[in-house]
Amino acid sequence: MQQTVDGAAKKTVLEDKIEQFLEYQKSYRSHSPLTVSTYRCDLRQFCHWLVGRLGHLPEPSAINRELVMQWTVKLTGLAPATVCRKVSVLSSFFSFLVDLGELDSNPARRIPLPKPASRIPNAISEEDAQKLIGAAESPFERAMLLLMLTAGLRRSEVGAIRLEDVDLENQTLLVRGKGAKQRMVPLMPQAAQAIQEYRAARPDVDQPYLFLNPQGQRLAADYINRTLRRIIARTGLGKRITPHMLRHTFATHLVRNGVDVRTVQELLGHSDLETTANYLHADTRAKQIAVALIATLTGSSLAKQA
């Protein structure tokens with residue numbers, strides 16, 4: 001998707017604006033590398049479609065609502081949530097250009113979208129959670145698992161924890177979430193102890209981040225995935241368990257034990273209450289103290305392992 005000017009390869013205006021948009025998401029909005037990579041893939045797919053449809057990449061101002069609608073039709077067959085995300089990314093890109101004064105309107109605004117299926121996210125059982133933590137062979141593995149299971153951290157949030165964010169004395173953790181949003185979450189005693197043990201074994205390097213890979217660098221998302229897969233293999237569970245399922249497990253146990261949805265929303269760092277509402281069950285009981293109820297996940301059997 002490049003044009004040749006005087007024999008030299010040069011980015012088109014559209015490609016250049018996309019790069020500016022991605023840099024804005026990374027540097028100003030503080031989105032994770034994984035999120036920026038997803039945006040890049042979605043916008044690149046749209047550009048490939050434009051080349052196939054028009055034979056070239058047009059100026060951003062030449063992309064109208066009709067073209068966007070045609071592209072959306074081409075996405076038919078994908079999961080509704082995937083279609084919504086791709087169109088949302090495109091709309092965010094055009095809104096960025098409108099804010100810069102380079103477009104008068106957003107051609108992807110209010111595009112009709114399929115309704116995503118509403119479902120309760122997958123969670124693992126308490127027994128399986130105990131098996132995972134029991135299979136952790138190092139302070140790093142144990143601390144990482146306990147934070148995802150008892151604090152509901154996203155994979156990207158685990159890698160973003162700084163040494164200064166951990167208050168072991170008060171057993172609290174400052175979480176740096178999506179869009180530069182921050183939230184304070186309580187640390188279960190088992191998680192606090194696991195972090196303390198990991199810090200004692202942590203490589204002595206000048207890095208602000210709590211968790212480091214064997215090379216003494218900040219954790220990448222793939223490293224967290226590989227670590228979890230190794231732990232699962234030791235348990236013999238034979239199940240597909242993802243980092244996000246551990247976060248779902250945390251939320252599901254809270255809701256099943258009566259924590260109100262707004263408290264769960266704050267603990268998870270959801271900006272949209274409807275996202276948190278997916279965890280609601282018909283037997284939700286009256287609100288109880290959230291921190292005490294997280295113990296239903298860790299239980300006495302896990303406490304003995306601490």
# chains A, B, ... in the order shown; residues from 1 in each chain; ligands from 1
$ residues_around --residues "A:Asp204" --least-positions-apart "3" --cutoff "9 Å" --atoms "only C-alpha atoms" --output "ChimeraX atom specification"
/A:201,207,216
$ residues_around --residues "A:Asp104" --least-positions-apart "6" --cutoff "12 Å" --atoms "only C-alpha atoms" --output "list in words"
Pro60, Ser61, Ala62, Ile63, Asn64, Phe94, Ser95, Phe96, Leu97 and Val98 of chain A
$ closest_residue --among "A:Pro58, A:Gly52, A:Pro107, A:Gly134" --to "A:Arg234" --atoms "only C-alpha atoms"
A:Gly134
$ closest_residue --among "A:Ala192, A:Ile124, A:Val185, A:Ala200" --to "A:Gln265" --atoms "only C-alpha atoms"
A:Val185
$ closest_residue --among "A:Gly101, A:Gly238, A:Pro203, A:Gly269" --to "A:Met184" --atoms "only C-alpha atoms"
A:Gly269
$ residues_around --residues "A:Lys178" --least-positions-apart "6" --cutoff "10 Å" --atoms "only C-alpha atoms" --output "PyMOL selection string"
chain A and resi 29-32+35+154+156-157+269-271
$ select_by_dssp --residues "stretch 14-207 of chain A" --states "alpha helix (DSSP H)" --output "ChimeraX atom specification"
/A:14-27,33-54,65-74,80-99,126-134,139-150,155-160,189-201
$ write_last_selection --atoms "C-alpha atoms" --output "CSV table (one decimal), in the first residue's frame"
chain,number,residue,atom,x,y,z
A,14,LEU,CA,-4.0,7.9,4.6
A,15,GLU,CA,-1.2,5.7,5.9
A,16,ASP,CA,0.6,8.6,7.4
A,17,LYS,CA,-2.6,9.7,9.3
A,18,ILE,CA,-3.1,6.2,10.5
A,19,GLU,CA,0.5,6.2,12.0
A,20,GLN,CA,-0.3,9.5,13.7
A,21,PHE,CA,-3.5,8.1,15.1
A,22,LEU,CA,-1.7,5.0,16.5
A,23,GLU,CA,1.0,7.1,18.0
A,24,TYR,CA,-1.7,9.2,19.7
A,25,GLN,CA,-3.3,6.1,21.1
A,26,LYS,CA,0.0,4.8,22.4
A,27,SER,CA,1.6,8.1,23.8
A,33,PRO,CA,1.0,-2.3,22.9
A,34,LEU,CA,-1.5,-5.1,22.4
A,35,THR,CA,-4.4,-2.6,21.9
A,36,VAL,CA,-2.4,-0.5,19.5
A,37,SER,CA,-1.4,-3.6,17.6
A,38,THR,CA,-5.1,-4.6,17.3
A,39,TYR,CA,-5.9,-1.1,16.0
A,40,ARG,CA,-3.1,-1.3,13.5
A,41,CYS,CA,-4.4,-4.7,12.2
A,42,ASP,CA,-8.0,-3.5,11.9
A,43,LEU,CA,-7.0,-0.3,10.0
A,44,ARG,CA,-4.6,-2.2,7.8
A,45,GLN,CA,-7.4,-4.6,6.9
A,46,PHE,CA,-9.6,-1.6,5.9
A,47,CYS,CA,-6.8,-0.2,3.7
A,48,HIS,CA,-6.3,-3.6,2.0
A,49,TRP,CA,-10.0,-3.6,1.2
A,50,LEU,CA,-9.9,-0.1,-0.1
A,51,VAL,CA,-7.1,-1.0,-2.5
A,52,GLY,CA,-9.0,-4.0,-3.7
A,53,ARG,CA,-12.2,-1.9,-4.1
A,54,LEU,CA,-10.7,1.2,-5.6
A,65,ARG,CA,-20.2,6.8,4.4
A,66,GLU,CA,-21.1,4.6,1.5
A,67,LEU,CA,-17.6,3.1,1.3
A,68,VAL,CA,-17.6,2.4,5.1
A,69,MET,CA,-21.0,0.7,4.7
A,70,GLN,CA,-19.7,-1.5,1.9
A,71,TRP,CA,-16.7,-2.5,4.0
A,72,THR,CA,-19.0,-3.3,6.9
A,73,VAL,CA,-21.0,-5.6,4.7
A,74,LYS,CA,-17.8,-7.4,3.8
A,80,PRO,CA,-20.7,-9.6,16.0
A,81,ALA,CA,-18.3,-8.4,18.7
A,82,THR,CA,-15.4,-8.4,16.2
A,83,VAL,CA,-17.4,-6.4,13.6
A,84,CYS,CA,-18.3,-3.9,16.3
A,85,ARG,CA,-14.7,-3.5,17.3
A,86,LYS,CA,-13.4,-3.0,13.8
A,87,VAL,CA,-16.0,-0.4,13.0
A,88,SER,CA,-15.4,1.3,16.4
A,89,VAL,CA,-11.6,1.5,15.6
A,90,LEU,CA,-12.4,3.0,12.2
A,91,SER,CA,-14.8,5.5,13.7
A,92,SER,CA,-12.2,6.5,16.4
A,93,PHE,CA,-9.7,7.1,13.6
A,94,PHE,CA,-12.0,9.4,11.7
A,95,SER,CA,-13.0,11.2,14.9
A,96,PHE,CA,-9.3,11.8,15.5
A,97,LEU,CA,-9.0,13.4,12.0
A,98,VAL,CA,-12.1,15.5,12.8
A,99,ASP,CA,-10.5,16.7,16.0
A,126,GLU,CA,-12.4,-23.0,42.8
A,127,GLU,CA,-10.9,-26.4,42.7
A,128,ASP,CA,-9.2,-25.7,39.4
A,129,ALA,CA,-8.0,-22.3,40.8
A,130,GLN,CA,-6.4,-24.2,43.7
A,131,LYS,CA,-4.7,-26.6,41.4
A,132,LEU,CA,-3.2,-23.8,39.3
A,133,ILE,CA,-1.8,-22.1,42.3
A,134,GLY,CA,-0.5,-25.3,43.7
A,139,PRO,CA,7.6,-16.9,43.5
A,140,PHE,CA,6.9,-15.1,40.1
A,141,GLU,CA,4.4,-17.7,39.0
A,142,ARG,CA,2.6,-17.7,42.3
A,143,ALA,CA,2.4,-13.9,42.6
A,144,MET,CA,1.2,-13.5,39.0
A,145,LEU,CA,-1.5,-16.1,39.4
A,146,LEU,CA,-2.8,-14.8,42.7
A,147,LEU,CA,-3.0,-11.2,41.4
A,148,MET,CA,-5.2,-12.3,38.5
A,149,LEU,CA,-7.3,-14.6,40.6
A,150,THR,CA,-7.8,-12.4,43.7
A,155,ARG,CA,-2.9,-9.3,31.5
A,156,SER,CA,-1.7,-5.9,30.5
A,157,GLU,CA,-2.2,-4.6,34.0
A,158,VAL,CA,0.0,-7.3,35.5
A,159,GLY,CA,2.9,-6.2,33.2
A,160,ALA,CA,2.3,-2.5,34.0
A,189,PRO,CA,-2.8,-11.7,52.4
A,190,GLN,CA,-1.8,-14.6,50.2
A,191,ALA,CA,-1.1,-12.3,47.2
A,192,ALA,CA,0.8,-9.8,49.4
A,193,GLN,CA,3.0,-12.6,50.8
A,194,ALA,CA,3.6,-13.9,47.2
A,195,ILE,CA,4.6,-10.5,46.0
A,196,GLN,CA,6.9,-10.1,49.0
A,197,GLU,CA,8.6,-13.5,48.2
A,198,TYR,CA,8.9,-12.6,44.6
A,199,ARG,CA,10.5,-9.2,45.4
A,200,ALA,CA,13.1,-11.0,47.4
A,201,ALA,CA,13.9,-13.2,44.4
$ select_by_dssp --residues "stretch 143-229 of chain A" --states "strand (DSSP E or B)" --output "ChimeraX atom specification"
/A:162,166-167,172-176,182-186,209,212,218
$ write_last_selection --atoms "C-alpha atoms" --output "compact mmCIF listing (two decimals), in the first residue's frame"
# COMPACT_ATOMS: atom_id res chain seq x y z
CA ARG A 162 5.45 -0.63 39.15
CA VAL A 166 2.55 -1.99 45.73
CA ASP A 167 1.81 -1.12 49.36
CA THR A 172 -3.25 -2.36 48.53
CA LEU A 173 -2.27 -2.14 44.89
CA LEU A 174 -2.53 0.78 42.49
CA VAL A 175 -3.63 -0.64 39.14
CA ARG A 176 -2.89 1.24 35.92
CA GLN A 182 -6.11 4.09 37.75
CA ARG A 183 -7.86 2.22 40.52
CA MET A 184 -6.92 1.01 43.99
CA VAL A 185 -7.62 -2.63 44.81
CA PRO A 186 -7.09 -4.60 48.03
CA TYR A 209 8.31 -2.52 36.93
CA LEU A 212 10.43 -8.88 34.99
CA ARG A 218 9.23 -5.66 31.52
$ atom_distance --atom1 "atom CA of A:Leu100" --atom2 "atom CA of A:Pro112"
25.4 Å
$ atom_distance --atom1 "atom CA of A:Thr235" --atom2 "atom CA of A:Ala123"
17.0 Å
